[in-house]
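Asker: The structure file my_file-v7.txt (compact mmCIF, C-alpha atoms) is provided below.
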# COMPACT_ATOMS: atom_id res chain seq x y z
CA MET A 1 22.29 258.76 393.27
CA GLY A 2 24.91 255.94 393.31
CA LYS A 3 22.80 253.84 390.93
CA ASP A 4 22.50 256.71 388.40
CA ARG A 5 26.26 257.26 388.29
CA LYS A 6 26.90 253.58 387.63
CA SER A 7 24.40 253.45 384.79
CA LYS A 8 26.00 256.50 383.04
CA VAL A 9 29.48 254.87 382.71
CA PRO A 10 29.84 253.80 379.06
CA GLU A 11 30.65 250.18 378.26
CA THR A 12 33.74 249.56 376.14
CA ALA A 13 33.50 247.09 373.26
CA GLU A 14 36.36 244.72 372.58
CA VAL A 15 37.34 244.11 368.95
CA PRO A 16 39.68 241.21 368.06
CA ILE A 17 42.77 242.86 366.48
CA SER A 18 44.65 239.70 365.58
CA SER A 19 42.10 238.72 362.90
CA MET A 20 42.42 242.15 361.31
CA ILE A 21 46.21 241.85 361.11
CA ASP A 22 45.84 238.39 359.49
CA VAL A 23 43.47 239.82 356.87
CA VAL A 24 45.81 242.72 356.12
CA PHE A 25 48.81 240.48 355.51
CA LEU A 26 46.80 238.02 353.46
CA LEU A 27 45.62 240.84 351.19
CA ILE A 28 49.14 242.22 350.80
CA ILE A 29 50.55 238.79 349.93
CA PHE A 30 47.74 238.18 347.43
CA PHE A 31 48.33 241.42 345.54
CA VAL A 32 52.12 241.09 345.57
CA VAL A 33 51.98 237.53 344.23
CA THR A 34 49.44 238.30 341.49
CA ALA A 35 51.47 241.31 340.39
CA ALA A 36 54.68 239.27 340.12
CA ILE A 37 53.34 236.41 337.98
CA ASP A 38 54.84 236.21 334.44
CA LYS A 39 57.01 239.25 335.00
CA GLU A 40 60.13 237.20 334.36
CA ILE A 41 58.89 236.11 330.93
CA GLU A 42 57.27 239.30 329.71
CA ASP A 43 59.68 242.11 329.05
CA GLU A 44 58.06 245.42 329.88
CA LYS A 45 60.28 247.24 327.39
CA VAL A 46 58.69 245.34 324.51
CA ILE A 47 55.54 247.06 323.29
CA LEU A 48 53.47 244.59 321.32
CA SER A 49 51.59 245.29 318.11
CA GLN A 50 47.82 244.91 318.02
CA ALA A 51 46.11 242.08 316.21
CA PRO A 52 42.38 242.14 316.92
CA ASN A 53 41.69 239.16 314.63
CA GLY A 54 44.36 236.81 315.90
CA ARG A 55 43.68 233.62 317.80
CA PRO A 56 43.57 234.36 321.55
CA VAL A 57 45.74 232.35 323.90
CA LYS A 58 43.39 230.33 326.09
CA LYS A 59 45.83 228.06 327.82
CA LYS A 60 49.54 228.75 327.92
CA ASP A 61 51.76 225.73 327.23
CA PRO A 62 54.13 225.47 330.22
CA ARG A 63 56.87 224.19 327.88
CA SER A 64 56.73 227.27 325.63
CA ILE A 65 59.83 229.35 325.06
CA THR A 66 59.47 233.12 324.81
CA ILE A 67 62.03 235.26 323.01
CA ASN A 68 61.76 239.03 323.46
CA VAL A 69 63.04 241.26 320.66
CA ARG A 70 63.31 244.89 321.74
CA GLN A 71 63.22 247.95 319.54
CA ASP A 72 67.01 248.36 319.61
CA GLY A 73 67.53 244.76 318.51
CA THR A 74 68.60 243.31 321.86
CA LEU A 75 67.18 239.91 322.69
CA GLY A 76 65.76 238.46 325.88
CA LEU A 77 65.03 234.82 326.61
CA GLY A 78 62.69 233.95 329.51
CA ALA A 79 64.15 235.37 332.70
CA HIS A 80 67.38 236.46 331.01
CA SER A 81 67.23 240.05 329.85
CA HIS A 82 70.22 240.06 327.46
CA VAL A 83 71.08 237.03 325.34
CA THR A 84 72.74 236.38 322.00
CA GLU A 85 71.66 234.17 319.10
CA ALA A 86 74.10 231.52 320.33
CA ASP A 87 72.31 231.46 323.71
CA ILE A 88 68.98 230.98 321.97
CA ILE A 89 70.37 228.13 319.87
CA ASN A 90 71.82 226.49 323.00
CA GLN A 91 68.56 226.76 324.89
CA LEU A 92 66.53 225.34 322.01
CA ASN A 93 68.98 222.46 321.57
CA ILE A 94 68.69 221.67 325.28
CA MET A 95 64.92 221.66 324.92
CA LYS A 96 65.12 219.37 321.88
CA ALA A 97 67.35 216.95 323.79
CA GLN A 98 64.92 217.00 326.70
CA TYR A 99 61.70 216.42 324.76
CA GLY A 100 62.97 214.40 321.81
CA PRO A 101 60.64 214.18 318.77
CA GLN A 102 57.89 216.01 320.68
CA ALA A 103 60.01 219.15 320.71
CA ILE A 104 58.53 220.09 317.31
CA ASP A 105 55.18 220.82 319.03
CA ILE A 106 56.62 223.14 321.64
CA PRO A 107 55.57 226.70 320.86
CA ILE A 108 58.37 229.15 320.25
CA ILE A 109 56.93 232.58 320.87
CA VAL A 110 58.60 235.67 319.47
CA ARG A 111 57.57 238.87 321.26
CA GLY A 112 58.76 241.60 318.93
CA ASP A 113 58.47 245.28 319.72
CA TYR A 114 56.02 246.98 317.36
CA ASN A 115 58.72 249.37 316.18
CA ALA A 116 61.55 246.86 315.80
CA GLN A 117 63.03 246.54 312.34
CA HIS A 118 62.55 243.22 310.66
CA HIS A 119 66.25 242.36 310.41
CA HIS A 120 66.30 242.00 314.22
CA ILE A 121 63.35 239.59 314.00
CA GLN A 122 65.09 237.82 311.12
CA ARG A 123 68.20 237.21 313.26
CA THR A 124 66.00 235.49 315.83
CA ILE A 125 64.25 233.43 313.17
CA ASP A 126 67.59 232.41 311.65
CA ALA A 127 68.72 231.20 315.08
CA ILE A 128 65.51 229.20 315.52
CA GLN A 129 65.88 227.68 312.04
CA LYS A 130 69.40 226.49 312.83
CA THR A 131 67.90 224.19 315.47
CA GLU A 132 65.59 222.68 312.82
CA LEU A 133 62.43 224.00 314.47
CA TYR A 134 60.04 225.61 312.04
CA LYS A 135 56.88 226.50 313.94
CA VAL A 136 57.00 230.03 315.26
CA ARG A 137 54.31 232.16 316.84
CA PHE A 138 54.35 235.94 316.92
CA ASN A 139 52.89 237.44 320.07
CA ALA A 140 50.53 240.39 319.73
CA GLN A 141 47.80 242.03 321.77
CA LYS A 142 44.13 241.60 321.09
CA GLU A 143 43.25 245.21 321.70
CA ASP A 144 44.17 248.00 324.09
CA MET B 1 38.38 239.56 393.95
CA ALA B 2 37.87 243.21 393.03
CA LYS B 3 41.62 243.79 393.48
CA ARG B 4 42.40 240.97 390.99
CA LYS B 5 40.07 242.51 388.43
CA ALA B 6 41.72 245.89 388.88
CA LYS B 7 45.18 244.32 388.37
CA LEU B 8 44.03 242.60 385.17
CA GLU B 9 42.58 245.82 383.86
CA GLU B 10 45.82 247.67 384.59
CA GLY B 11 47.88 245.04 382.62
CA ALA B 12 45.73 245.18 379.46
CA VAL B 13 47.17 247.16 376.53
CA SER B 14 44.77 249.13 374.35
CA VAL B 15 45.62 249.18 370.64
CA PRO B 16 44.39 252.12 368.56
CA LEU B 17 42.01 250.50 366.09
CA SER B 18 41.32 253.55 363.91
CA SER B 19 44.93 253.73 362.67
CA MET B 20 44.83 250.06 361.68
CA ILE B 21 41.66 250.57 359.65
CA ASP B 22 43.26 253.59 357.94
CA VAL B 23 46.32 251.53 356.98
CA VAL B 24 44.16 248.70 355.62
CA PHE B 25 42.14 250.97 353.38
CA LEU B 26 45.19 252.90 352.20
CA LEU B 27 46.88 249.65 351.17
CA LEU B 28 43.77 248.43 349.39
CA ILE B 29 43.40 251.68 347.47
CA TYR B 30 47.09 251.62 346.51
CA PHE B 31 46.94 248.10 345.11
CA ILE B 32 43.65 248.67 343.31
CA VAL B 33 44.99 251.83 341.65
CA THR B 34 48.30 250.25 340.62
CA GLN B 35 46.65 247.08 339.27
CA LYS B 36 47.07 246.94 335.47
CA PRO B 37 44.20 245.81 333.22
CA VAL B 38 44.70 242.37 331.71
CA ILE B 39 45.08 242.58 327.93
CA GLU B 40 44.44 239.37 326.03
CA ASP B 41 47.42 237.91 324.21
CA VAL B 42 47.20 236.64 320.69
CA HIS B 43 49.44 234.23 318.79
CA LEU B 44 49.93 234.50 315.04
CA MET B 45 51.44 231.31 313.67
CA VAL B 46 53.78 231.10 310.71
CA ASP B 47 55.87 228.34 309.19
CA LEU B 48 59.51 228.87 308.47
CA PRO B 49 61.00 227.37 305.32
CA ALA B 50 62.35 223.89 306.02
CA PRO B 51 65.33 223.13 303.80
CA SER B 52 65.26 219.38 304.38
CA ASN B 53 61.78 218.90 302.92
CA PRO B 54 61.52 219.54 299.18
CA PRO B 55 58.47 221.63 298.28
CA LYS B 56 55.52 219.55 297.15
CA GLU B 57 53.91 220.27 293.86
CA GLU B 58 51.10 222.61 294.75
CA GLN B 59 47.91 222.71 292.83
CA MET B 60 47.72 226.46 293.08
CA LYS B 61 50.32 229.17 292.86
CA PRO B 62 51.40 230.65 296.20
CA LEU B 63 50.53 234.24 296.89
CA ASN B 64 53.66 236.30 297.40
CA ILE B 65 53.29 239.30 299.64
CA ASP B 66 56.18 241.62 300.34
CA VAL B 67 56.37 243.90 303.34
CA TYR B 68 58.77 246.76 303.02
CA LYS B 69 59.78 249.99 304.63
CA GLN B 70 58.28 252.92 302.89
CA PRO B 71 60.99 254.58 300.84
CA GLY B 72 60.77 258.24 300.21
CA ASP B 73 61.63 259.38 303.69
CA ASN B 74 64.69 260.88 302.04
CA VAL B 75 64.22 263.31 299.19
CA GLU B 76 67.18 261.62 297.44
CA ASP B 77 65.26 258.32 297.34
CA ILE B 78 62.35 259.99 295.61
CA ASP B 79 64.72 261.69 293.16
CA LYS B 80 66.35 258.34 292.37
CA LEU B 81 63.02 256.67 291.75
CA LEU B 82 61.73 259.49 289.57
CA LYS B 83 64.97 259.90 287.68
CA GLY B 84 64.45 259.65 283.99
CA GLU B 85 60.69 259.27 284.33
CA LYS B 86 59.12 261.94 282.19
CA ASN B 87 55.65 260.48 281.96
CA GLU B 88 53.52 262.37 284.47
CA ARG B 89 51.07 259.54 284.92
CA ARG B 90 53.90 257.16 285.70
CA GLN B 91 55.43 259.69 288.11
CA LYS B 92 52.10 259.91 289.89
CA GLN B 93 51.90 256.13 290.12
CA ILE B 94 55.39 255.90 291.56
CA LEU B 95 54.57 258.53 294.19
CA GLU B 96 51.35 256.67 295.03
CA GLY B 97 53.31 253.47 295.37
CA LEU B 98 55.60 255.14 297.88
CA ARG B 99 52.71 255.37 300.32
CA MET B 100 52.15 251.62 300.26
CA TYR B 101 53.85 249.13 302.54
CA TYR B 102 52.76 245.92 300.89
CA ALA B 103 53.20 244.39 297.46
CA VAL B 104 51.29 241.41 296.13
CA ASN B 105 53.24 239.51 293.48
CA GLY B 106 55.33 242.64 292.96
CA SER B 107 52.46 245.12 292.73
CA PRO B 108 52.05 247.57 295.63
CA ILE B 109 48.69 247.60 297.39
CA GLU B 110 47.16 249.99 299.90
CA SER B 111 46.91 248.71 303.47
CA LYS B 112 43.19 249.39 303.63
CA ARG B 113 42.62 247.31 300.47
CA LEU B 114 44.73 244.41 301.66
CA LEU B 115 41.96 242.69 303.64
CA GLU B 116 39.53 242.90 300.74
CA TYR B 117 42.13 241.40 298.41
CA LEU B 118 42.93 238.56 300.80
CA GLN B 119 39.25 237.81 301.33
CA ASN B 120 38.75 237.60 297.56
CA VAL B 121 41.67 235.18 297.33
CA ALA B 122 40.33 233.10 300.24
CA LYS B 123 36.89 232.87 298.58
CA SER B 124 38.28 231.55 295.33
CA ALA B 125 41.12 229.42 296.79
CA PRO B 126 40.91 228.89 300.55
CA ASP B 127 44.01 226.64 300.62
CA THR B 128 46.30 229.25 299.13
CA THR B 129 49.76 229.36 300.60
CA VAL B 130 50.85 232.88 301.39
CA VAL B 131 54.60 233.44 301.18
CA ILE B 132 55.54 236.55 303.13
CA THR B 133 58.83 238.31 302.57
CA CYS B 134 59.84 241.24 304.72
CA GLY B 135 62.38 243.83 303.85
CA PRO B 136 65.13 244.18 306.47
CA ASN B 137 64.07 247.67 307.52
CA ALA B 138 60.33 247.05 307.55
CA LYS B 139 58.73 247.67 310.93
CA HIS B 140 57.52 244.61 312.80
CA ARG B 141 54.05 246.06 313.22
CA LYS B 142 53.58 245.92 309.45
CA LEU B 143 54.22 242.19 309.48
CA ILE B 144 51.81 241.72 312.39
CA TYR B 145 49.15 243.71 310.53
CA LEU B 146 49.54 241.47 307.50
CA LEU B 147 49.33 238.31 309.62
CA ASP B 148 46.26 239.73 311.33
CA MET B 149 44.58 240.37 307.97
CA CYS B 150 45.43 236.84 306.83
CA SER B 151 43.87 235.53 310.04
CA LYS B 152 40.70 237.52 309.39
CA ALA B 153 40.56 236.32 305.79
CA GLU B 154 41.01 232.76 307.13
CA LEU B 155 44.18 232.10 305.19
CA THR B 156 46.06 229.75 307.47
CA LYS B 157 48.95 228.54 305.33
CA LEU B 158 51.51 231.24 305.99
CA ASN B 159 55.19 230.93 305.20
CA LEU B 160 57.77 233.50 306.21
CA ALA B 161 60.66 233.69 303.79
CA LYS B 162 63.90 235.61 304.06
CA GLY B 163 63.99 238.79 302.00
CA ASN B 164 66.46 241.37 300.83
CA ASP B 165 65.72 244.95 299.94
CA ILE B 166 62.47 245.01 298.10
CA THR B 167 61.52 247.37 295.37
CA PHE B 168 58.22 247.16 293.65
CA ARG B 169 58.36 246.36 290.02
CA GLN B 170 54.86 246.83 288.72
CA ASP B 171 52.05 249.30 288.90
CA PRO B 172 49.88 249.50 292.03
CA ILE B 173 47.28 246.75 292.26
CA GLU B 174 43.61 247.51 291.94
CA VAL B 175 41.25 245.62 294.20
CA ARG B 176 37.90 244.74 292.73
CA THR B 177 35.12 243.89 295.17
CA GLN B 178 33.55 240.57 294.24
I need this file expressed as structure tokens, please.

Answerer:
Amino acid sequence: MGKDRKSKVPETAEVPISSMIDVVFLLIIFFVVTAAIDKEIEDEKVILSQAPNGRPVKKKDPRSITINVRQDGTLGLGAHSHVTEADIINQLNIMKAQYGPQAIDIPIIVRGDYNAQHHHIQRTIDAIQKTELYKVRFNAQKED
Amino acid sequence: MAKRKAKLEEGAVSVPLSSMIDVVFLLLIYFIVTQKPVIEDVHLMVDLPAPSNPPKEEQMKPLNIDVYKQPGDNVEDIDKLLKGEKNERRQKQILEGLRMYYAVNGSPIESKRLLEYLQNVAKSAPDTTVVITCGPNAKHRKLIYLLDMCSKAELTKLNLAKGNDITFRQDPIEVRTQ
């Protein structure tokens, strides 16, 4: 009778909790970091036009300068959400001083909203021209 | 010995595992649902006019393409354009031109015919320089569409010039398939 009672007591299994907590935090950190990449450069308010036949960007030049032109005509430069043409000229001149003659090859990317009027884009281009840089790239999306 | 075991068992804390698993899966589902699809970026390159370099003598004439805002959103604009025009055929042509956003060498062209026209140009003269002028109120997406068509037609020499208000001067262009 004593032996039967002992054999009926269920055995508890031990599961290591600490490994589970490590996995959880690793996953959270992974998703948070991947979601935050390039957010400072890409303005979410700018809706890009579609260009299915354009040349896709395979490797982004780390030296590139991105200028956001929103629908209302306000400009953004990199991490700065509101800049003027003078700020853009200053930044480009700093870049030219830093890179010297190689500054001509640095891509200047204009991310214009699909509904922005061209005179807003023209203001940006005029500012870029004042720094004697003449290669401009317009950013678009391949397809939705 | 049995007393020590009993003491150890009393000190152990049991953690509810089922709640932890629930939290893990909830977090995973949240991040998977909020993850945005990656849309490929595209760069359309243009050259800006450089005032320091004088233009070289080109063997072929550049192709001038104007991008403009479609007039005619106001009835007064249409009245102005049609003022004094009694010829019905000419009136019809003006109204047709109002639906077009692009003009090649001053002649308006339909958007859907633009690619065909550019491909014809690229076949006969692949090194043609395309000079693009945008009206100040033209939407940016119209410029991007034009650059996209030039990319498809493999016309790579693109210059973006500064433009004022553009009005078309000639009759709409007819595209002939070669």

Asker: Residues of chain B within 9 Å of chain A: nearest atom pair and distance (Å, one decimal) for each, counting only C-alpha atoms, sorted by chain and number, as a Markdown table?

Answerer:
| residue | atom | partner | partner_atom | distance |
| --- | --- | --- | --- | --- |
| B:Val15 | CA | A:Ile17 | CA | 8.1 |
| B:Leu17 | CA | A:Ile17 | CA | 7.7 |
| B:Met20 | CA | A:Met20 | CA | 8.3 |
| B:Ile21 | CA | A:Met20 | CA | 8.6 |
| B:Val23 | CA | A:Val24 | CA | 8.9 |
| B:Val24 | CA | A:Val24 | CA | 6.2 |
| B:Leu27 | CA | A:Ile28 | CA | 7.8 |
| B:Leu28 | CA | A:Leu27 | CA | 8.0 |
| B:Phe31 | CA | A:Phe31 | CA | 6.8 |
| B:Ile32 | CA | A:Phe31 | CA | 8.9 |
| B:Gln35 | CA | A:Ala35 | CA | 7.6 |
| B:Lys36 | CA | A:Ala35 | CA | 8.7 |
| B:Ile39 | CA | A:Asp144 | CA | 6.7 |
| B:Glu40 | CA | A:Lys142 | CA | 5.4 |
| B:Asp41 | CA | A:Gln141 | CA | 4.8 |
| B:Val42 | CA | A:Pro56 | CA | 4.4 |
| B:His43 | CA | A:Asn139 | CA | 4.9 |
| B:Leu44 | CA | A:Phe138 | CA | 5.0 |
| B:Met45 | CA | A:Arg137 | CA | 4.4 |
| B:Val46 | CA | A:Val136 | CA | 5.7 |
| B:Asp47 | CA | A:Lys135 | CA | 5.2 |
| B:Leu48 | CA | A:Tyr134 | CA | 4.9 |
| B:Pro49 | CA | A:Tyr134 | CA | 7.0 |
| B:Ala50 | CA | A:Tyr134 | CA | 6.7 |
| B:Cys134 | CA | A:His118 | CA | 6.8 |
| B:Gly135 | CA | A:His118 | CA | 6.8 |
| B:Pro136 | CA | A:His119 | CA | 4.5 |
| B:Asn137 | CA | A:Gln117 | CA | 5.1 |
| B:Ala138 | CA | A:His118 | CA | 5.4 |
| B:Lys139 | CA | A:Gln117 | CA | 4.7 |
| B:His140 | CA | A:Tyr114 | CA | 5.4 |
| B:Arg141 | CA | A:Tyr114 | CA | 4.7 |
| B:Lys142 | CA | A:Tyr114 | CA | 8.3 |
| B:Leu143 | CA | A:His118 | CA | 8.5 |
| B:Ile144 | CA | A:Ser49 | CA | 6.7 |
| B:Tyr145 | CA | A:Ala51 | CA | 6.6 |
| B:Leu147 | CA | A:Gly54 | CA | 8.1 |
| B:Asp148 | CA | A:Ala51 | CA | 5.4 |
| B:Met149 | CA | A:Asn53 | CA | 7.4 |
| B:Cys150 | CA | A:Asn53 | CA | 9.0 |
| B:Ser151 | CA | A:Gly54 | CA | 6.0 |
| B:Lys152 | CA | A:Asn53 | CA | 5.6 |
| B:Lys162 | CA | A:Gln122 | CA | 7.5 |

Asker: Please, what distance in Å, to one decimal, runs between atom CA of Asn93 of chain A and atom CA of Ala161 of chain B?

Answerer: 22.6 Å

Asker: Would you give the centre and edge lengths, in Å to one decimal, of a box along x, y and z around the listed atoms of segment 103-111 of chain A, with 4 Å added to each side, as lines of an AutoDock Vina configuration file?

Answerer:
center_x = 57.6
center_y = 229.0
center_z = 319.5
size_x = 12.8
size_y = 27.7
size_z = 12.3

Asker: Quick one: pull the distance between atom CA of Leu92 of chain A and atom CA of Gly78 of chain A, Å, one decimal.

Answerer: 12.0 Å

Asker: Rounded to one decimal in Å, what is the spacing between atom CA of Asn68 of chain A and atom CA of Ser81 of chain A?

Answerer: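 For atom CA of Asn68 of chain A relative to atom CA of Ser81 of chain A, the distance reads 8.5 Å.
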
Asker: When you count all atoms listed in the file, which of these residues is closest to Asp72 of chain A: A:Ala97, A:Thr131, A:Val46, A:Ile89?

Answerer: A:Val46

Asker: For Ile132 of chain B, list every protein, DNA or RNA residue within 9 Å, evaluated using all atoms listed in the file, and leave out those in the same chain fewer than 3 positions away; present the list as a PyMOL selection string.

Answerer: chain B and resi 63-67+143+146+158-163
